[in-house]
Amino acid sequence: MKKVLYTFASLSLILAACSKKDVVDTEKPENEVERSHQEAKSDTEKGKEQTETKEDTPLIAFEDLTTEHLLAMTIYEQQVIDEFNEYVLPTADEIFAGEYSRPLYPGGESADVTNKIPEVSIISVDVTDVLVDTPQDPLTFYVVNPPSMGGMSVFAVGETYTLLYSSLGELTYQEALNYGHKYNIKELYEKHKNNENILNLIERMNSYENMEAYYKKIDSMYGE
């Protein structure tokens with residue numbers, strides 16, 4: 001009888017152990033599946049965050065804006081001068097093409113003259129070189145070549161706006177506004193912060209610290 005009871009007890013322990021093992025084996029895959037789902041969800045959320053971060057990162061950062069960036073953006077947005085029905089500078093398409101055609105005399109009916117664009121030259125100048133008075137707003141002035149029409153193309157950068165105008169002689173600041181337009185820097189940036197052509201346009205620009213440096217480069221280009 002004792003032998004039978006012992007055998008029965010042993011069998012019960014074995015069955016209990018097997019049953020417990022089955023439960024553990026059954027629960028383990030469920031835990032692994034849940035963990036896999038959590039990891040997959042985490043990876044998906046991480047990937048989404050990285051994608052959103054990448055999409056939110058502009059091609060051109062506002063704090064990295066240079067004179068060249070602002071000039072390129074202004075060229076894309078430049079408006080015609082009403083008196084001459086002409087732009088101050090060649091258009092972006094003309095700069096990329098490397099040439100532009102204009103009447104010999106602005107506003108006239110003379111035959112077009114085709115001009116080459118070896119580069120867009122940005123030459124630092126003093127305010128007294130381009131204006132007969134000093135504007136209230138602090139501005140940094142540049143002469144930009146080639147001009148779209150006769151005269152001198154002047155680009156100025158302030159704290160909140162750029163100014164692009166054409167000068168046929170000595171002008172006051174107010175007269176400069178009449179021969180050009182002001183462009184809001186924040187608006188320029190918002191419109192062109194992801195425009196790759198801004199960077200392409202910059203590659204065609206060269207900056208000079210003064211007129212002397214510019215003419216020295218021109219002389220070397222044409223072998224004079």
# chains A, B, ... in the order shown; residues from 1 in each chain; ligands from 1
>>> residues_around(residues="stretch 85-102 of chain A", least_positions_apart="5", cutoff="12 Å", atoms="only C-alpha atoms", output="MDAnalysis selection string")
chainID A and resid 71:80 107:122 143:155 163:168 176 179:181 197:205
>>> write_last_selection(atoms="C-alpha atoms", output="PDB file, in the first residue's frame")
ATOM      1  CA  LEU A  71      21.678  88.738 -52.384  1.00  0.00           C
ATOM      2  CA  ALA A  72      20.703  85.428 -54.011  1.00  0.00           C
ATOM      3  CA  MET A  73      17.302  85.498 -52.297  1.00  0.00           C
ATOM      4  CA  THR A  74      16.805  89.134 -53.291  1.00  0.00           C
ATOM      5  CA  ILE A  75      17.682  88.361 -56.916  1.00  0.00           C
ATOM      6  CA  TYR A  76      14.935  85.739 -56.957  1.00  0.00           C
ATOM      7  CA  GLU A  77      12.434  88.255 -55.596  1.00  0.00           C
ATOM      8  CA  GLN A  78      13.622  91.436 -57.309  1.00  0.00           C
ATOM      9  CA  GLN A  79      10.987  93.682 -58.828  1.00  0.00           C
ATOM     10  CA  VAL A  80      11.315  95.753 -61.975  1.00  0.00           C
ATOM     11  CA  GLY A 107      13.789 102.194 -71.638  1.00  0.00           C
ATOM     12  CA  GLY A 108      14.571 102.835 -75.281  1.00  0.00           C
ATOM     13  CA  GLU A 109      13.868 100.922 -78.468  1.00  0.00           C
ATOM     14  CA  SER A 110      17.475 100.242 -79.422  1.00  0.00           C
ATOM     15  CA  ALA A 111      18.635  96.788 -80.460  1.00  0.00           C
ATOM     16  CA  ASP A 112      19.439  94.303 -77.721  1.00  0.00           C
ATOM     17  CA  VAL A 113      23.029  93.800 -76.671  1.00  0.00           C
ATOM     18  CA  THR A 114      24.094  90.417 -75.286  1.00  0.00           C
ATOM     19  CA  ASN A 115      26.421  90.519 -72.295  1.00  0.00           C
ATOM     20  CA  LYS A 116      28.319  87.636 -70.736  1.00  0.00           C
ATOM     21  CA  ILE A 117      28.153  86.915 -66.994  1.00  0.00           C
ATOM     22  CA  PRO A 118      31.499  85.420 -65.914  1.00  0.00           C
ATOM     23  CA  GLU A 119      30.501  85.913 -62.279  1.00  0.00           C
ATOM     24  CA  VAL A 120      28.327  87.986 -59.980  1.00  0.00           C
ATOM     25  CA  SER A 121      30.739  90.380 -58.274  1.00  0.00           C
ATOM     26  CA  ILE A 122      29.903  91.769 -54.820  1.00  0.00           C
ATOM     27  CA  VAL A 143      28.096  97.442 -55.712  1.00  0.00           C
ATOM     28  CA  VAL A 144      26.995  94.367 -57.655  1.00  0.00           C
ATOM     29  CA  ASN A 145      28.155  93.589 -61.185  1.00  0.00           C
ATOM     30  CA  PRO A 146      26.980  93.075 -63.815  1.00  0.00           C
ATOM     31  CA  PRO A 147      24.093  95.549 -63.684  1.00  0.00           C
ATOM     32  CA  SER A 148      20.981  94.714 -65.646  1.00  0.00           C
ATOM     33  CA  MET A 149      20.897  98.152 -67.248  1.00  0.00           C
ATOM     34  CA  GLY A 150      23.157 101.177 -67.523  1.00  0.00           C
ATOM     35  CA  GLY A 151      24.512 102.706 -64.368  1.00  0.00           C
ATOM     36  CA  MET A 152      25.452 101.074 -61.103  1.00  0.00           C
ATOM     37  CA  SER A 153      23.569  98.356 -59.236  1.00  0.00           C
ATOM     38  CA  VAL A 154      23.697  98.812 -55.466  1.00  0.00           C
ATOM     39  CA  PHE A 155      22.788  96.234 -52.833  1.00  0.00           C
ATOM     40  CA  LEU A 163      17.699  97.190 -50.547  1.00  0.00           C
ATOM     41  CA  LEU A 164      18.436  96.762 -54.251  1.00  0.00           C
ATOM     42  CA  TYR A 165      18.469  99.793 -56.535  1.00  0.00           C
ATOM     43  CA  SER A 166      19.983 101.215 -59.695  1.00  0.00           C
ATOM     44  CA  SER A 167      22.005 104.407 -59.597  1.00  0.00           C
ATOM     45  CA  LEU A 168      22.780 106.660 -62.554  1.00  0.00           C
ATOM     46  CA  ALA A 176      17.518 105.295 -53.977  1.00  0.00           C
ATOM     47  CA  TYR A 179      14.986 103.538 -58.095  1.00  0.00           C
ATOM     48  CA  GLY A 180      14.748 100.252 -56.255  1.00  0.00           C
ATOM     49  CA  HIS A 181      12.896  98.195 -53.693  1.00  0.00           C
ATOM     50  CA  ASN A 197      19.156  77.134 -56.249  1.00  0.00           C
ATOM     51  CA  ILE A 198      20.147  79.742 -53.670  1.00  0.00           C
ATOM     52  CA  LEU A 199      23.276  77.692 -52.963  1.00  0.00           C
ATOM     53  CA  ASN A 200      23.846  77.141 -56.689  1.00  0.00           C
ATOM     54  CA  LEU A 201      23.580  80.878 -57.299  1.00  0.00           C
ATOM     55  CA  ILE A 202      26.077  81.608 -54.523  1.00  0.00           C
ATOM     56  CA  GLU A 203      28.626  79.410 -56.304  1.00  0.00           C
ATOM     57  CA  ARG A 204      28.612  81.962 -59.139  1.00  0.00           C
ATOM     58  CA  MET A 205      29.385  84.872 -56.799  1.00  0.00           C
TER      59      MET A 205
END
>>> select_by_dssp(residues="stretch 71-139 of chain A", states="helix (DSSP H, G or I)", output="list in words")
Leu71, Ala72, Met73, Thr74, Ile75, Tyr76, Glu77, Ala92, Asp93, Glu94, Ile95, Phe96, Ala97, Val127, Thr128, Asp129 and Val130 of chain A
>>> residues_around(residues="A:Asp126", least_positions_apart="2", cutoff="7 Å", atoms="only C-alpha atoms", output="list in words")
Thr128, Asp129 and Phe141 of chain A
>>> closest_residue(among="A:Ser124, A:Glu159, A:Thr66, A:Thr134", to="A:Ala213", atoms="only C-alpha atoms")
A:Ser124
>>> closest_residue(among="A:Val130, A:Ile81, A:Ala61, A:Ala156", to="A:Asn178", atoms="only C-alpha atoms")
A:Ile81
>>> residues_around(residues="A:Thr162", least_positions_apart="3", cutoff="6 Å", atoms="only C-alpha atoms", output="list in words")
Ala156, Val157, Gly158, Lys182 and Tyr183 of chain A
>>> select_by_dssp(residues="stretch 46-221 of chain A", states="strand (DSSP E or B)", output="tab-separated table (two decimals) with N, CA, C and O atoms, in the first residue's frame")
chain	number	residue	atom	x	y	z
A	81	ILE	N	12.12	98.03	-62.06
A	81	ILE	CA	12.07	99.47	-61.82
A	81	ILE	C	11.04	100.05	-62.78
A	81	ILE	O	11.18	99.94	-64.01
A	86	GLU	N	12.54	97.50	-66.04
A	86	GLU	CA	13.69	96.61	-66.09
A	86	GLU	C	14.14	96.25	-64.67
A	86	GLU	O	13.92	97.00	-63.73
A	99	GLU	N	24.60	84.59	-69.53
A	99	GLU	CA	24.50	85.77	-70.39
A	99	GLU	C	23.10	86.37	-70.29
A	99	GLU	O	22.15	85.71	-69.85
A	100	TYR	N	23.00	87.64	-70.70
A	100	TYR	CA	21.70	88.31	-70.71
A	100	TYR	C	21.69	89.36	-71.81
A	100	TYR	O	22.74	89.87	-72.21
A	101	SER	N	20.51	89.66	-72.32
A	101	SER	CA	20.37	90.63	-73.40
A	101	SER	C	19.49	91.79	-72.94
A	101	SER	O	18.43	91.57	-72.34
A	102	ARG	N	19.94	93.01	-73.23
A	102	ARG	CA	19.19	94.21	-72.86
A	102	ARG	C	19.31	95.24	-73.99
A	102	ARG	O	20.29	95.23	-74.75
A	103	PRO	N	18.35	96.16	-74.07
A	103	PRO	CA	18.51	97.27	-75.03
A	103	PRO	C	19.75	98.08	-74.69
A	103	PRO	O	20.14	98.18	-73.52
A	112	ASP	N	18.90	94.96	-78.91
A	112	ASP	CA	19.44	94.30	-77.72
A	112	ASP	C	20.93	94.03	-77.86
A	112	ASP	O	21.43	93.76	-78.95
A	113	VAL	N	21.61	94.12	-76.74
A	113	VAL	CA	23.03	93.80	-76.67
A	113	VAL	C	23.18	92.63	-75.71
A	113	VAL	O	22.64	92.66	-74.60
A	114	THR	N	23.89	91.60	-76.14
A	114	THR	CA	24.09	90.42	-75.29
A	114	THR	C	25.38	90.57	-74.49
A	114	THR	O	26.44	90.87	-75.05
A	115	ASN	N	25.27	90.39	-73.19
A	115	ASN	CA	26.42	90.52	-72.29
A	115	ASN	C	26.68	89.19	-71.59
A	115	ASN	O	25.74	88.51	-71.17
A	116	LYS	N	27.94	88.84	-71.45
A	116	LYS	CA	28.32	87.64	-70.74
A	116	LYS	C	28.32	87.89	-69.22
A	116	LYS	O	28.51	89.02	-68.77
A	120	VAL	N	29.03	86.89	-60.63
A	120	VAL	CA	28.33	87.99	-59.98
A	120	VAL	C	29.29	88.54	-58.94
A	120	VAL	O	29.65	87.86	-57.98
A	121	SER	N	29.74	89.76	-59.15
A	121	SER	CA	30.74	90.38	-58.27
A	121	SER	C	30.06	91.23	-57.21
A	121	SER	O	29.21	92.06	-57.52
A	122	ILE	N	30.45	91.01	-55.95
A	122	ILE	CA	29.90	91.77	-54.82
A	122	ILE	C	31.05	92.58	-54.22
A	122	ILE	O	31.97	92.02	-53.63
A	123	ILE	N	30.98	93.89	-54.38
A	123	ILE	CA	32.11	94.76	-54.00
A	123	ILE	C	31.70	95.65	-52.83
A	123	ILE	O	30.75	96.43	-52.94
A	124	SER	N	32.41	95.53	-51.73
A	124	SER	CA	32.11	96.36	-50.56
A	124	SER	C	32.46	97.81	-50.85
A	124	SER	O	33.54	98.11	-51.37
A	125	VAL	N	31.54	98.71	-50.51
A	125	VAL	CA	31.78	100.15	-50.69
A	125	VAL	C	31.28	100.89	-49.46
A	125	VAL	O	30.46	100.39	-48.69
A	131	LEU	N	25.81	107.17	-51.85
A	131	LEU	CA	24.75	108.10	-51.45
A	131	LEU	C	25.35	109.44	-51.02
A	131	LEU	O	26.49	109.50	-50.54
A	140	THR	N	24.84	98.17	-44.74
A	140	THR	CA	26.13	97.86	-45.35
A	140	THR	C	25.93	97.83	-46.86
A	140	THR	O	25.03	97.13	-47.35
A	141	PHE	N	26.76	98.58	-47.59
A	141	PHE	CA	26.53	98.76	-49.02
A	141	PHE	C	27.52	97.97	-49.87
A	141	PHE	O	28.69	97.80	-49.51
A	142	TYR	N	27.01	97.53	-51.03
A	142	TYR	CA	27.81	96.79	-52.00
A	142	TYR	C	27.41	97.24	-53.40
A	142	TYR	O	26.24	97.52	-53.67
A	143	VAL	N	28.38	97.30	-54.29
A	143	VAL	CA	28.10	97.44	-55.71
A	143	VAL	C	28.11	96.03	-56.28
A	143	VAL	O	29.01	95.24	-55.99
A	144	VAL	N	27.10	95.72	-57.09
A	144	VAL	CA	26.99	94.37	-57.65
A	144	VAL	C	27.09	94.45	-59.17
A	144	VAL	O	26.37	95.21	-59.82
A	145	ASN	N	27.99	93.67	-59.73
A	145	ASN	CA	28.15	93.59	-61.18
A	145	ASN	C	27.88	92.17	-61.66
A	145	ASN	O	28.18	91.21	-60.95
A	152	MET	N	24.86	101.90	-62.15
A	152	MET	CA	25.45	101.07	-61.10
A	152	MET	C	24.35	100.39	-60.30
A	152	MET	O	23.37	101.02	-59.91
A	153	SER	N	24.52	99.10	-60.06
A	153	SER	CA	23.57	98.36	-59.24
A	153	SER	C	24.10	98.30	-57.81
A	153	SER	O	25.22	97.84	-57.57
A	154	VAL	N	23.28	98.74	-56.86
A	154	VAL	CA	23.70	98.81	-55.47
A	154	VAL	C	22.82	97.90	-54.61
A	154	VAL	O	21.59	97.91	-54.74
A	155	PHE	N	23.47	97.14	-53.76
A	155	PHE	CA	22.79	96.23	-52.83
A	155	PHE	C	23.17	96.63	-51.41
A	155	PHE	O	24.35	96.84	-51.12
A	156	ALA	N	22.17	96.78	-50.55
A	156	ALA	CA	22.43	97.16	-49.16
A	156	ALA	C	21.74	96.17	-48.22
A	156	ALA	O	20.64	95.69	-48.52
A	157	VAL	N	22.40	95.89	-47.12
A	157	VAL	CA	21.86	94.95	-46.13
A	157	VAL	C	21.70	95.66	-44.79
A	157	VAL	O	22.65	96.23	-44.26
A	161	TYR	N	15.96	94.30	-43.43
A	161	TYR	CA	15.63	94.31	-44.85
A	161	TYR	C	16.87	94.47	-45.71
A	161	TYR	O	17.95	94.87	-45.23
A	162	THR	N	16.71	94.11	-46.99
A	162	THR	CA	17.74	94.40	-47.99
A	162	THR	C	17.19	95.46	-48.93
A	162	THR	O	15.97	95.64	-49.04
A	163	LEU	N	18.08	96.15	-49.59
A	163	LEU	CA	17.70	97.19	-50.55
A	163	LEU	C	18.49	96.97	-51.83
A	163	LEU	O	19.71	96.81	-51.79
A	164	LEU	N	17.79	96.94	-52.95
A	164	LEU	CA	18.44	96.76	-54.25
A	164	LEU	C	17.94	97.86	-55.17
A	164	LEU	O	16.74	98.00	-55.40
A	165	TYR	N	18.88	98.69	-55.67
A	165	TYR	CA	18.47	99.79	-56.54
A	165	TYR	C	19.51	100.08	-57.60
A	165	TYR	O	20.66	99.62	-57.52
A	166	SER	N	19.10	100.83	-58.60
A	166	SER	CA	19.98	101.22	-59.70
A	166	SER	C	20.31	102.69	-59.57
A	166	SER	O	19.43	103.52	-59.30
A	167	SER	N	21.57	103.02	-59.75
A	167	SER	CA	22.01	104.41	-59.60
A	167	SER	C	22.66	104.91	-60.87
A	167	SER	O	23.58	104.27	-61.40
A	171	LEU	N	22.85	109.88	-55.46
A	171	LEU	CA	21.46	109.86	-55.02
A	171	LEU	C	21.36	110.08	-53.52
A	171	LEU	O	22.30	109.78	-52.77
A	180	GLY	N	14.56	101.63	-56.70
A	180	GLY	CA	14.75	100.25	-56.25
A	180	GLY	C	13.64	99.82	-55.32
A	180	GLY	O	12.58	100.44	-55.24
A	181	HIS	N	13.90	98.74	-54.60
A	181	HIS	CA	12.90	98.20	-53.69
A	181	HIS	C	13.56	97.64	-52.45
A	181	HIS	O	14.72	97.18	-52.49
A	182	LYS	N	12.81	97.65	-51.35
A	182	LYS	CA	13.24	97.04	-50.10
A	182	LYS	C	12.61	95.65	-50.00
A	182	LYS	O	11.49	95.43	-50.45
A	183	TYR	N	13.35	94.71	-49.38
A	183	TYR	CA	12.88	93.33	-49.25
A	183	TYR	C	13.07	92.88	-47.80
A	183	TYR	O	14.17	92.99	-47.25
A	184	ASN	N	11.99	92.40	-47.20
A	184	ASN	CA	12.02	91.95	-45.81
A	184	ASN	C	12.85	90.67	-45.69
A	184	ASN	O	12.58	89.68	-46.38
A	205	MET	N	29.07	83.56	-57.36
A	205	MET	CA	29.38	84.87	-56.80
A	205	MET	C	30.81	84.93	-56.28
A	205	MET	O	31.36	83.93	-55.82
A	206	ASN	N	31.39	86.12	-56.36
A	206	ASN	CA	32.69	86.40	-55.75
A	206	ASN	C	32.60	87.73	-55.02
A	206	ASN	O	32.01	88.70	-55.54
A	207	SER	N	33.17	87.78	-53.83
A	207	SER	CA	33.13	89.01	-53.03
A	207	SER	C	34.49	89.68	-53.01
A	207	SER	O	35.53	89.00	-53.00
A	208	TYR	N	34.48	91.02	-53.00
A	208	TYR	CA	35.71	91.81	-53.00
A	208	TYR	C	35.62	92.86	-51.89
A	208	TYR	O	34.57	93.46	-51.68
>>> atom_distance(atom1="atom CA of A:His192", atom2="atom CA of A:Leu139")
22.2 Å
